[in-house]
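Data file: target-v9.cif. Format and content: mmCIF, C-alpha atoms.
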```
data_work
loop_
_atom_site.label_atom_id
_atom_site.label_comp_id
_atom_site.auth_asym_id
_atom_site.auth_seq_id
_atom_site.Cartn_x
_atom_site.Cartn_y
_atom_site.Cartn_z
CA MET A 1 96.20 101.57 23.29
CA LYS A 2 92.91 99.80 23.34
CA ILE A 3 93.07 96.49 25.11
CA PRO A 4 91.08 93.52 23.78
CA TYR A 5 88.20 92.62 26.08
CA GLN A 6 89.09 95.65 28.15
CA GLY A 7 85.97 95.53 30.29
CA ARG A 8 86.94 92.14 31.70
CA TYR A 9 90.48 93.37 32.43
CA TRP A 10 89.11 96.38 34.27
CA TYR A 11 87.04 94.04 36.42
CA PHE A 12 90.03 91.78 37.05
CA LEU A 13 92.19 94.73 38.08
CA SER A 14 89.50 96.25 40.27
CA GLY A 15 89.49 93.09 42.35
CA LEU A 16 93.25 92.78 42.69
CA ILE A 17 93.03 94.68 45.98
CA VAL A 18 91.89 91.36 47.45
CA ALA A 19 95.12 89.64 46.49
CA CYS A 20 97.32 92.40 47.89
CA SER A 21 96.35 92.44 51.52
CA GLY A 22 96.83 90.30 54.60
CA ALA A 23 99.09 89.85 57.58
CA ARG A 24 101.14 87.31 59.51
CA SER A 25 103.48 88.40 62.19
CA PHE A 26 107.18 88.11 62.82
CA PRO A 27 108.09 88.02 66.53
CA PRO A 28 107.05 91.28 68.21
CA GLY A 29 109.91 93.69 68.73
CA ALA A 30 111.67 92.93 65.44
CA PRO A 31 113.07 96.02 63.67
CA SER A 32 110.41 97.88 61.77
CA PRO A 33 111.23 98.77 58.14
CA GLN A 34 109.99 102.06 56.78
CA PRO A 35 109.27 101.60 53.06
CA ALA A 36 109.00 104.63 50.86
CA SER A 37 105.35 105.12 50.03
CA SER A 38 103.46 107.23 47.54
CA VAL A 39 100.38 106.90 49.75
CA PRO A 40 100.10 109.88 52.14
CA GLN A 41 100.34 108.71 55.74
CA PRO A 42 97.02 109.32 57.53
CA THR A 43 96.96 111.70 60.45
CA VAL A 44 94.72 111.23 63.48
CA PRO A 45 94.63 113.43 66.61
CA VAL A 46 96.28 111.26 69.27
CA GLU A 47 97.79 111.68 72.70
CA PRO A 48 100.81 109.71 73.91
CA THR A 49 99.71 106.65 75.87
CA ALA A 50 99.68 107.29 79.60
CA ALA A 51 100.76 103.71 80.29
CA ALA A 52 101.36 100.49 78.42
CA SER A 53 98.23 98.52 77.58
CA SER A 54 97.43 95.17 75.97
CA PHE A 55 94.94 93.91 73.44
CA LYS A 56 93.29 90.50 73.53
CA TYR A 57 90.60 89.49 71.05
CA ALA A 58 87.23 88.98 72.71
CA THR A 59 85.35 85.69 72.50
CA GLY A 60 82.06 85.72 70.60
CA THR A 61 80.56 87.05 67.36
CA ILE A 62 81.03 90.51 65.87
CA SER A 63 79.55 92.06 62.72
CA TYR A 64 81.47 94.24 60.29
CA ARG A 65 80.39 96.42 57.39
CA ILE A 66 83.28 96.51 54.92
CA SER A 67 83.36 99.00 52.07
CA ARG A 68 85.90 98.79 49.24
CA SER A 69 86.59 101.11 46.34
CA ALA A 70 89.15 100.88 43.54
CA ALA A 71 89.91 103.45 40.84
CA ILE A 72 91.98 102.34 37.84
CA GLU A 73 93.67 104.80 35.49
CA THR A 74 95.38 104.45 32.12
CA THR A 75 96.48 106.90 29.44
CA GLY A 76 95.11 106.31 25.94
CA LEU A 77 96.51 107.20 22.52
CA ASP A 78 94.62 110.48 22.80
CA ALA A 79 96.86 111.34 25.80
CA GLN A 80 93.76 111.50 27.97
CA THR A 81 93.59 109.72 31.31
CA HIS A 82 90.77 107.18 31.50
CA ARG A 83 89.43 106.36 34.96
CA GLU A 84 87.23 103.41 35.91
CA ILE A 85 85.74 102.83 39.37
CA SER A 86 84.47 99.76 41.21
CA THR A 87 82.91 99.72 44.70
CA ASN A 88 81.87 96.83 46.90
CA ILE A 89 80.11 96.61 50.27
CA THR A 90 79.86 93.42 52.30
CA HIS A 91 78.40 92.44 55.66
CA GLU A 92 80.55 89.89 57.47
CA LEU A 93 80.26 87.94 60.72
CA LEU A 94 83.33 86.87 62.68
CA THR A 95 83.17 84.39 65.57
CA LEU A 96 86.21 83.72 67.78
CA GLU A 97 86.64 80.81 70.20
CA PRO A 98 89.95 80.54 72.11
CA THR A 99 91.47 77.16 72.99
CA ASP A 100 94.60 76.20 74.91
CA LEU A 101 96.79 76.22 71.78
CA ALA A 102 95.09 78.65 69.38
CA THR A 103 92.04 80.78 68.67
CA ASN A 104 89.50 79.20 66.36
CA PHE A 105 87.48 81.40 64.02
CA THR A 106 84.48 81.15 61.75
CA ALA A 107 83.71 83.93 59.28
CA LEU A 108 81.06 84.43 56.65
CA ILE A 109 79.84 86.95 54.12
CA ASP A 110 76.05 87.07 54.10
CA THR A 111 75.49 90.11 51.84
CA SER A 112 77.57 91.67 49.08
CA THR A 113 76.81 94.53 46.69
CA THR A 114 79.07 95.69 43.85
CA THR A 115 78.69 98.71 41.58
CA THR A 116 80.88 99.76 38.66
CA GLN A 117 81.43 102.81 36.47
CA GLY A 118 82.95 102.88 33.01
CA LEU A 119 84.26 99.88 31.08
CA ILE A 120 84.30 97.39 33.93
CA GLY A 121 80.85 96.13 33.00
CA SER A 122 78.88 93.50 34.88
CA VAL A 123 80.51 91.48 37.66
CA GLU A 124 80.38 87.76 38.26
CA SER A 125 77.50 86.55 40.41
CA VAL A 126 78.22 85.55 43.99
CA GLN A 127 76.49 82.67 45.75
CA LEU A 128 76.02 83.59 49.40
CA PRO A 129 76.67 82.96 52.19
CA VAL A 130 80.41 82.28 51.88
CA ARG A 131 81.87 80.65 54.99
CA ILE A 132 85.45 80.02 56.11
CA SER A 133 86.84 78.53 59.31
CA GLY A 134 90.31 78.02 60.75
CA SER A 135 92.59 79.05 63.60
CA PHE A 136 95.41 81.45 64.38
CA THR A 137 98.25 81.90 66.86
CA ASP A 138 101.06 84.44 67.24
CA SER A 139 103.03 82.67 64.51
CA ALA A 140 100.54 80.77 62.33
CA PHE A 141 97.31 81.32 60.44
CA THR A 142 95.46 78.22 59.21
CA ILE A 143 92.43 77.94 56.95
CA ASN A 144 90.54 74.64 57.10
CA ALA A 145 91.03 72.56 53.96
CA ASP A 146 87.32 72.43 53.08
CA ALA A 147 86.87 76.23 53.34
CA GLY A 148 86.08 78.30 50.29
CA GLY A 149 84.59 75.63 48.05
CA SER A 150 86.13 75.80 44.56
CA LYS A 151 89.84 76.41 44.04
CA CYS A 152 89.32 79.83 42.43
CA ASN A 153 86.66 81.71 44.34
CA THR A 154 86.75 85.51 44.45
CA SER A 155 84.48 85.84 47.49
CA SER A 156 86.48 83.33 49.50
CA SER A 157 89.68 85.18 48.58
CA MET A 158 88.12 88.41 49.79
CA LEU A 159 87.06 86.86 53.10
CA VAL A 160 90.47 85.26 53.73
CA THR A 161 92.16 88.62 53.15
CA ASP A 162 89.75 90.38 55.51
CA LEU A 163 90.60 87.84 58.20
CA HIS A 164 94.34 88.37 57.73
CA ASN A 165 93.79 92.10 58.14
CA LEU A 166 91.58 91.84 61.22
CA LEU A 167 93.37 89.04 63.10
CA VAL A 168 96.80 90.46 63.90
CA PRO A 169 98.97 89.00 66.70
CA PHE A 170 99.75 92.20 68.59
CA PRO A 171 102.67 92.44 71.05
CA GLU A 172 101.85 91.87 74.71
CA ARG A 173 102.58 95.49 75.67
CA LEU A 174 101.41 98.42 73.54
CA SER A 175 102.52 102.02 74.12
CA THR A 176 103.41 105.02 71.99
CA GLY A 177 106.39 104.28 69.76
CA VAL A 178 106.30 100.47 70.05
CA SER A 179 106.85 98.96 66.59
CA TRP A 180 106.99 95.53 64.97
CA ARG A 181 106.61 94.01 61.53
CA ASP A 182 104.96 91.17 59.66
CA SER A 183 104.77 89.71 56.17
CA VAL A 184 102.44 87.44 54.26
CA ASN A 185 102.06 85.34 51.15
CA ILE A 186 98.42 85.09 50.06
CA GLN A 187 96.96 82.98 47.28
CA GLY A 188 93.77 84.40 45.80
CA CYS A 189 91.57 84.50 42.74
CA GLN A 190 90.13 87.27 40.58
CA ALA A 191 87.75 86.80 37.65
CA GLY A 192 88.79 83.14 37.46
CA ILE A 193 92.53 83.93 37.41
CA PRO A 194 94.74 82.64 40.28
CA THR A 195 96.76 85.37 41.99
CA SER A 196 99.50 85.46 44.60
CA GLY A 197 100.73 88.40 46.63
CA HIS A 198 103.52 89.10 49.09
CA THR A 199 103.27 92.06 51.46
CA ASP A 200 105.79 93.36 53.99
CA ARG A 201 104.26 95.50 56.74
CA SER A 202 105.47 97.55 59.65
CA TYR A 203 103.37 98.73 62.60
CA THR A 204 103.84 101.62 65.05
CA VAL A 205 101.65 102.49 68.02
CA SER A 206 100.59 106.12 67.49
CA GLY A 207 98.78 106.78 70.78
CA ASP A 208 95.39 107.18 72.45
CA ALA A 209 92.38 108.72 70.70
CA SER A 210 88.58 108.78 70.81
CA TYR A 211 86.31 107.03 68.30
CA GLU A 212 82.53 107.41 68.49
CA GLY A 213 82.86 108.50 72.12
CA HIS A 214 85.02 105.54 73.18
CA PRO A 215 88.74 105.52 73.97
CA VAL A 216 90.80 103.62 71.39
CA LEU A 217 94.45 102.85 70.78
CA VAL A 218 95.57 103.93 67.29
CA ILE A 219 98.14 101.88 65.36
CA LEU A 220 99.64 102.91 62.01
CA ARG A 221 100.70 100.30 59.46
CA THR A 222 102.79 100.85 56.32
CA ASP A 223 103.00 98.28 53.51
CA THR A 224 104.98 97.31 50.44
CA THR A 225 103.36 94.81 48.07
CA HIS A 226 104.21 92.66 45.06
CA ALA A 227 101.47 90.60 43.42
CA LYS A 228 101.13 88.57 40.25
CA GLY A 229 98.59 86.43 38.46
CA GLU A 230 98.34 84.29 35.37
CA GLY A 231 95.52 82.36 33.73
CA GLY A 232 92.93 82.22 31.00
CA LEU A 233 90.47 85.05 30.42
CA GLN A 234 88.00 84.67 27.54
CA GLN A 235 90.30 82.19 25.77
CA HIS A 236 93.32 84.48 26.11
CA ARG A 237 96.37 83.94 28.29
CA VAL A 238 96.67 86.85 30.71
CA SER A 239 99.51 87.66 33.08
CA ILE A 240 99.68 90.53 35.54
CA ASP A 241 102.38 92.02 37.72
CA ALA A 242 101.72 94.63 40.41
CA THR A 243 103.87 96.53 42.88
CA GLY A 244 102.75 99.17 45.32
CA THR A 245 102.61 100.71 48.76
CA GLY A 246 99.91 101.32 51.33
CA THR A 247 98.96 102.49 54.78
CA ALA A 248 96.43 101.34 57.37
CA LEU A 249 95.00 102.65 60.62
CA TYR A 250 93.76 100.35 63.39
CA TYR A 251 91.43 101.65 66.12
CA LEU A 252 91.70 99.13 68.94
CA ASP A 253 89.13 99.10 71.74
CA THR A 254 91.30 97.48 74.40
CA ALA A 255 88.41 97.40 76.89
CA THR A 256 86.19 95.21 74.68
CA GLY A 257 88.89 93.35 72.73
CA ARG A 258 87.64 94.48 69.33
CA VAL A 259 89.04 96.23 66.28
CA ALA A 260 86.53 99.08 66.30
CA ARG A 261 87.64 100.45 62.94
CA LEU A 262 90.24 99.70 60.28
CA THR A 263 91.03 101.74 57.17
CA ILE A 264 93.45 100.66 54.42
CA ASP A 265 94.73 102.77 51.51
CA GLN A 266 96.83 101.41 48.68
CA MET A 267 98.50 102.51 45.44
CA LEU A 268 99.52 99.96 42.81
CA ASP A 269 101.39 100.09 39.50
CA LEU A 270 100.09 97.28 37.31
CA SER A 271 101.32 95.67 34.11
CA VAL A 272 98.98 93.41 32.11
CA THR A 273 100.14 91.23 29.23
CA ALA A 274 97.53 89.62 26.97
CA SER A 275 97.58 88.57 23.32
CA ALA A 276 101.23 89.70 23.09
CA ARG A 277 100.26 93.22 24.20
CA ARG A 278 101.47 94.85 27.37
CA SER A 279 99.54 97.65 29.07
CA GLN A 280 100.22 99.81 32.14
CA PHE A 281 97.70 100.87 34.77
CA LYS A 282 97.61 102.68 38.10
CA GLN A 283 95.17 101.65 40.82
CA SER A 284 94.23 103.49 44.00
CA SER A 285 92.06 101.63 46.47
CA LYS A 286 90.52 102.03 49.90
CA GLN A 287 88.94 99.63 52.38
CA GLU A 288 87.08 100.51 55.56
CA PHE A 289 86.00 98.08 58.29
CA GLN A 290 83.37 99.27 60.78
CA ILE A 291 81.50 97.42 63.52
CA VAL A 292 77.73 97.34 63.04
CA PRO A 293 75.02 96.24 65.53
#
```
Rewrite the coordinates I just gave you, this time as C-alpha cells.
Amino acid sequence: MKIPYQGRYWYFLSGLIVACSGARSFPPGAPSPQPASSVPQPTVPVEPTAAASSFKYATGTISYRISRSAAIETTGLDAQTHREISTNITHELLTLEPTDLATNFTALIDTSTTTTQGLIGSVESVQLPVRISGSFTDSAFTINADAGGSKCNTSSSMLVTDLHNLLVPFPERLSTGVSWRDSVNIQGCQAGIPTSGHTDRSYTVSGDASYEGHPVLVILRTDTTHAKGEGGLQQHRVSIDATGTGTALYYLDTATGRVARLTIDQMLDLSVTASARRSQFKQSSKQEFQIVP
C-alpha cells in the first residue's frame, strides 16, 4: 500500500526513537523483570567483580558525541520489503552540580547533523544551541518549566531523552549479579506531532571489563516499550501506536564518575493510521554515546 505523504511519515517514524527512551528508577533492589525481547542481548567480555563498588556522578562538564540510526521497513503490494534509513549525530555538553537535596544539571546540543536515504526526504531545520536545565534525585527527575522553548520541539525531546538515559540513579553497591528496575513516562514531539512513551527497564551488573585501556563496570539493561502519538501532519490527522523491546550497555568509569560509553538497541512494531488508512512498519534503531575531548 502506498501511504499518502509517505516521505513525511518516514521522517516521523525515524524520529520516534526519541519518544521511546528514558529512565526513572524504582527503589534499588526491587525484583528485576526479564521481558522477552527480539533484540539479541549484547555480549561483552567481562570478569566477575572482585568486590562491590559504587558509582557517583562527577561534578563538572562532560562532552558526548551521540550517534543515532533508524531503519524502517514495510512490505509493499509487490511483496518487496522497502527499507528507509535516517542517521543523526549530535554533540552535547552536560554539566552537573550537586546540592544537599539533588543534583542540578544543564545540558545543551551545540551541533546536529542528519542524513536520510530513501523516501524520508528533507528534515526540519534545527535552531541551535538547544539548552535544558533541571535536577534529579534517586526518585525524581525534574525539567525546569522554561526549558525547551516551544511545546513541540524535536531537539528538546531528543535532549530530554538523552538525559534520562545518562542520568540513572544506580544502587549504592554494585557487584556482579546485582539487579534493579525502573520505568518512565516521557512526553516528546516528532515532526510537530506530540508523542508519549512508557518504558519498563531492568538492569543487571555484568562485571568488570576494559574500555579504551581503562577499567569499567559493565551493566546490561533490557527494555519493553509502548509509545503513541496523535496530531496533524500536512492537514491530515495522524495517529501512531508502537510496541517494542530493546537492550542497552553501560560502561561505567567508577574512578572518574562518568558514563564512558552507552549503547542502546531497539526494535519496534509500528502502526500508523492516516486518512482512514492503516499501515504497518518495523523499525530497528541504535544509539551510541561516547565521551569526546
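Run against this file, the PyMOL selection byres ((chain A and resi 256) around 12) gives back Ser54, Phe55, Lys56, Tyr57, Ala58, Thr59, Gly60, Ile62, His214, Pro215, Val216, Leu217, Tyr251, Leu252, Asp253, Thr254, Ala255, Gly257, Arg258, Val259 and Ala260 of chain A.
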Report, in Å with one decimal, the straight-line distance from CA of Thr225 in chain A to CA of Met267 in chain A.
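Going from CA of Thr225 in chain A over to CA of Met267 in chain A covers 9.5 Å.
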Report, in Å with one decimal, the straight-line distance from CA of His236 in chain A to CA of Cys189 in chain A.
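Going from CA of His236 in chain A over to CA of Cys189 in chain A, I get 16.7 Å.
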Taking all atoms listed in the file into account, name the residue in A:Arg261, A:Lys282, A:Arg181, A:Arg131 that is nearest to Asp110 in chain A.
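Closest to Asp110 in chain A, using all atoms listed in the file: A:Arg131.
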Quick check, in Å to one decimal: how far apart do CA of Thr245 in chain A and CA of Ser275 in chain A lie?
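Between CA of Thr245 in chain A and CA of Ser275 in chain A the gap works out to 28.6 Å.
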Tell me which residues the PyMOL selection byres ((chain A and resi 92-109) around 7) grabs here, as a list in words.
Thr59, Gly60, Thr61, Ile62, Ser63, Tyr64, Arg65, Thr90, His91, Asp110, Thr111, Leu128, Pro129, Val130, Arg131, Ile132, Ser133, Gly134, Ser135, Phe136 and Thr137 of chain A
I'd like the residues picked by the PyMOL selection byres ((chain A and resi 39-48) around 7) written out as a ChimeraX atom specification, using the chain letters and numbers from the file.
/A:37-38,49-50,176,206-209,245-247,266-267
Go ahead and dump the residues you just picked, C-alpha atoms, as a tab-separated table (two decimals), in the coordinates of the input.
```tsv
chain	number	residue	atom	x	y	z
A	37	SER	CA	105.35	105.12	50.03
A	38	SER	CA	103.46	107.23	47.54
A	49	THR	CA	99.71	106.65	75.87
A	50	ALA	CA	99.68	107.29	79.60
A	176	THR	CA	103.41	105.02	71.99
A	206	SER	CA	100.59	106.12	67.49
A	207	GLY	CA	98.78	106.78	70.78
A	208	ASP	CA	95.39	107.18	72.45
A	209	ALA	CA	92.38	108.72	70.70
A	245	THR	CA	102.61	100.71	48.76
A	246	GLY	CA	99.91	101.32	51.33
A	247	THR	CA	98.96	102.49	54.78
A	266	GLN	CA	96.83	101.41	48.68
A	267	MET	CA	98.50	102.51	45.44
```
From the list A:Phe141, A:Phe281, A:Tyr211, A:Trp180, the nearest residue to Ala242 in chain A using all atoms listed in the file is A:Phe281
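Residue nearest Gly188 in chain A within the list A:Leu159, A:Ile143, A:Leu270, A:Cys152: A:Cys152 [criterion: smallest interatomic distance, all atoms listed in the file].
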Residues within 6 Å of Val238 in chain A, all atoms listed in the file, excluding chain neighbours under 6 positions, as an MDAnalysis selection string:
chainID A and resid 230:232 273:274
Would you please work out which residue, of A:Ser202, A:Ser183, A:Ser196, A:Ser239, is nearest to Thr222 in chain A when using all atoms listed in the file?
A:Ser202
Here is a test: counting only C-alpha atoms, which residue of A:Ala248, A:Val292, A:Ala71, A:Ala145 is nearest to Thr116 in chain A?
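Ranked by minimum distance to Thr116 in chain A, first place goes to A:Ala71.
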Repair of range 44-68 of chain A at the level of N, CA, C and O atoms, as a PDB file, keeping the file's coordinate frame:
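The resulting file, result_15.pdb, is reproduced below:
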```pdb
ATOM      1  N   VAL A  44      95.838 111.309  62.545  1.00  0.00           N
ATOM      2  CA  VAL A  44      94.720 111.230  63.480  1.00  0.00           C
ATOM      3  C   VAL A  44      95.139 111.933  64.759  1.00  0.00           C
ATOM      4  O   VAL A  44      96.265 111.725  65.241  1.00  0.00           O
ATOM      5  N   PRO A  45      94.281 112.784  65.336  1.00  0.00           N
ATOM      6  CA  PRO A  45      94.630 113.430  66.610  1.00  0.00           C
ATOM      7  C   PRO A  45      94.797 112.387  67.709  1.00  0.00           C
ATOM      8  O   PRO A  45      93.846 111.682  68.056  1.00  0.00           O
ATOM      9  N   VAL A  46      96.008 112.240  68.219  1.00  0.00           N
ATOM     10  CA  VAL A  46      96.280 111.260  69.270  1.00  0.00           C
ATOM     11  C   VAL A  46      97.064 111.919  70.389  1.00  0.00           C
ATOM     12  O   VAL A  46      97.718 112.940  70.204  1.00  0.00           O
ATOM     13  N   GLU A  47      96.993 111.287  71.549  1.00  0.00           N
ATOM     14  CA  GLU A  47      97.790 111.680  72.700  1.00  0.00           C
ATOM     15  C   GLU A  47      98.717 110.523  73.034  1.00  0.00           C
ATOM     16  O   GLU A  47      98.358 109.352  72.865  1.00  0.00           O
ATOM     17  N   PRO A  48      99.934 110.801  73.490  1.00  0.00           N
ATOM     18  CA  PRO A  48     100.810 109.710  73.910  1.00  0.00           C
ATOM     19  C   PRO A  48     100.132 108.845  74.972  1.00  0.00           C
ATOM     20  O   PRO A  48      99.393 109.350  75.820  1.00  0.00           O
ATOM     21  N   THR A  49     100.340 107.548  74.897  1.00  0.00           N
ATOM     22  CA  THR A  49      99.710 106.650  75.870  1.00  0.00           C
ATOM     23  C   THR A  49     100.229 106.956  77.267  1.00  0.00           C
ATOM     24  O   THR A  49     101.430 107.157  77.489  1.00  0.00           O
ATOM     25  N   ALA A  50      99.306 107.009  78.212  1.00  0.00           N
ATOM     26  CA  ALA A  50      99.680 107.290  79.600  1.00  0.00           C
ATOM     27  C   ALA A  50     100.436 106.133  80.219  1.00  0.00           C
ATOM     28  O   ALA A  50     101.297 106.317  81.081  1.00  0.00           O
ATOM     29  N   ALA A  51     100.102 104.917  79.774  1.00  0.00           N
ATOM     30  CA  ALA A  51     100.760 103.710  80.290  1.00  0.00           C
ATOM     31  C   ALA A  51     100.628 102.623  79.236  1.00  0.00           C
ATOM     32  O   ALA A  51      99.808 102.711  78.318  1.00  0.00           O
ATOM     33  N   ALA A  52     101.438 101.607  79.351  1.00  0.00           N
ATOM     34  CA  ALA A  52     101.360 100.490  78.420  1.00  0.00           C
ATOM     35  C   ALA A  52     100.043  99.742  78.622  1.00  0.00           C
ATOM     36  O   ALA A  52      99.553  99.598  79.743  1.00  0.00           O
ATOM     37  N   SER A  53      99.466  99.296  77.519  1.00  0.00           N
ATOM     38  CA  SER A  53      98.230  98.520  77.580  1.00  0.00           C
ATOM     39  C   SER A  53      98.419  97.245  76.765  1.00  0.00           C
ATOM     40  O   SER A  53      99.472  97.018  76.169  1.00  0.00           O
ATOM     41  N   SER A  54      97.388  96.408  76.741  1.00  0.00           N
ATOM     42  CA  SER A  54      97.430  95.170  75.970  1.00  0.00           C
ATOM     43  C   SER A  54      96.118  95.002  75.235  1.00  0.00           C
ATOM     44  O   SER A  54      95.108  95.626  75.568  1.00  0.00           O
ATOM     45  N   PHE A  55      96.144  94.160  74.218  1.00  0.00           N
ATOM     46  CA  PHE A  55      94.940  93.910  73.440  1.00  0.00           C
ATOM     47  C   PHE A  55      94.773  92.415  73.269  1.00  0.00           C
ATOM     48  O   PHE A  55      95.680  91.722  72.786  1.00  0.00           O
ATOM     49  N   LYS A  56      93.622  91.902  73.684  1.00  0.00           N
ATOM     50  CA  LYS A  56      93.290  90.500  73.530  1.00  0.00           C
ATOM     51  C   LYS A  56      91.935  90.385  72.867  1.00  0.00           C
ATOM     52  O   LYS A  56      90.962  90.990  73.329  1.00  0.00           O
ATOM     53  N   TYR A  57      91.864  89.626  71.776  1.00  0.00           N
ATOM     54  CA  TYR A  57      90.600  89.490  71.050  1.00  0.00           C
ATOM     55  C   TYR A  57      89.524  88.870  71.926  1.00  0.00           C
ATOM     56  O   TYR A  57      89.765  87.872  72.612  1.00  0.00           O
ATOM     57  N   ALA A  58      88.339  89.466  71.890  1.00  0.00           N
ATOM     58  CA  ALA A  58      87.230  88.980  72.710  1.00  0.00           C
ATOM     59  C   ALA A  58      86.591  87.744  72.084  1.00  0.00           C
ATOM     60  O   ALA A  58      86.527  87.597  70.865  1.00  0.00           O
ATOM     61  N   THR A  59      86.108  86.860  72.952  1.00  0.00           N
ATOM     62  CA  THR A  59      85.350  85.690  72.500  1.00  0.00           C
ATOM     63  C   THR A  59      83.959  86.117  72.062  1.00  0.00           C
ATOM     64  O   THR A  59      83.373  87.037  72.627  1.00  0.00           O
ATOM     65  N   GLY A  60      83.428  85.438  71.030  1.00  0.00           N
ATOM     66  CA  GLY A  60      82.060  85.720  70.600  1.00  0.00           C
ATOM     67  C   GLY A  60      82.004  86.156  69.144  1.00  0.00           C
ATOM     68  O   GLY A  60      82.968  86.031  68.389  1.00  0.00           O
ATOM     69  N   THR A  61      80.831  86.674  68.750  1.00  0.00           N
ATOM     70  CA  THR A  61      80.560  87.050  67.360  1.00  0.00           C
ATOM     71  C   THR A  61      80.464  88.559  67.225  1.00  0.00           C
ATOM     72  O   THR A  61      79.858  89.231  68.059  1.00  0.00           O
ATOM     73  N   ILE A  62      81.064  89.078  66.159  1.00  0.00           N
ATOM     74  CA  ILE A  62      81.030  90.510  65.870  1.00  0.00           C
ATOM     75  C   ILE A  62      80.689  90.701  64.397  1.00  0.00           C
ATOM     76  O   ILE A  62      81.063  89.882  63.549  1.00  0.00           O
ATOM     77  N   SER A  63      79.960  91.771  64.095  1.00  0.00           N
ATOM     78  CA  SER A  63      79.550  92.060  62.720  1.00  0.00           C
ATOM     79  C   SER A  63      80.312  93.259  62.184  1.00  0.00           C
ATOM     80  O   SER A  63      80.465  94.271  62.885  1.00  0.00           O
ATOM     81  N   TYR A  64      80.770  93.147  60.947  1.00  0.00           N
ATOM     82  CA  TYR A  64      81.470  94.240  60.290  1.00  0.00           C
ATOM     83  C   TYR A  64      80.786  94.610  58.975  1.00  0.00           C
ATOM     84  O   TYR A  64      80.328  93.728  58.240  1.00  0.00           O
ATOM     85  N   ARG A  65      80.736  95.904  58.716  1.00  0.00           N
ATOM     86  CA  ARG A  65      80.390  96.420  57.390  1.00  0.00           C
ATOM     87  C   ARG A  65      81.701  96.839  56.733  1.00  0.00           C
ATOM     88  O   ARG A  65      82.431  97.665  57.272  1.00  0.00           O
ATOM     89  N   ILE A  66      82.003  96.255  55.576  1.00  0.00           N
ATOM     90  CA  ILE A  66      83.280  96.510  54.920  1.00  0.00           C
ATOM     91  C   ILE A  66      83.023  97.119  53.550  1.00  0.00           C
ATOM     92  O   ILE A  66      82.353  96.513  52.705  1.00  0.00           O
ATOM     93  N   SER A  67      83.514  98.320  53.357  1.00  0.00           N
ATOM     94  CA  SER A  67      83.360  99.000  52.070  1.00  0.00           C
ATOM     95  C   SER A  67      84.708  99.033  51.366  1.00  0.00           C
ATOM     96  O   SER A  67      85.748  99.254  51.987  1.00  0.00           O
ATOM     97  N   ARG A  68      84.687  98.810  50.052  1.00  0.00           N
ATOM     98  CA  ARG A  68      85.900  98.790  49.240  1.00  0.00           C
ATOM     99  C   ARG A  68      85.665  99.642  47.996  1.00  0.00           C
ATOM    100  O   ARG A  68      84.592  99.587  47.404  1.00  0.00           O
TER     101      ARG A  68
END
```
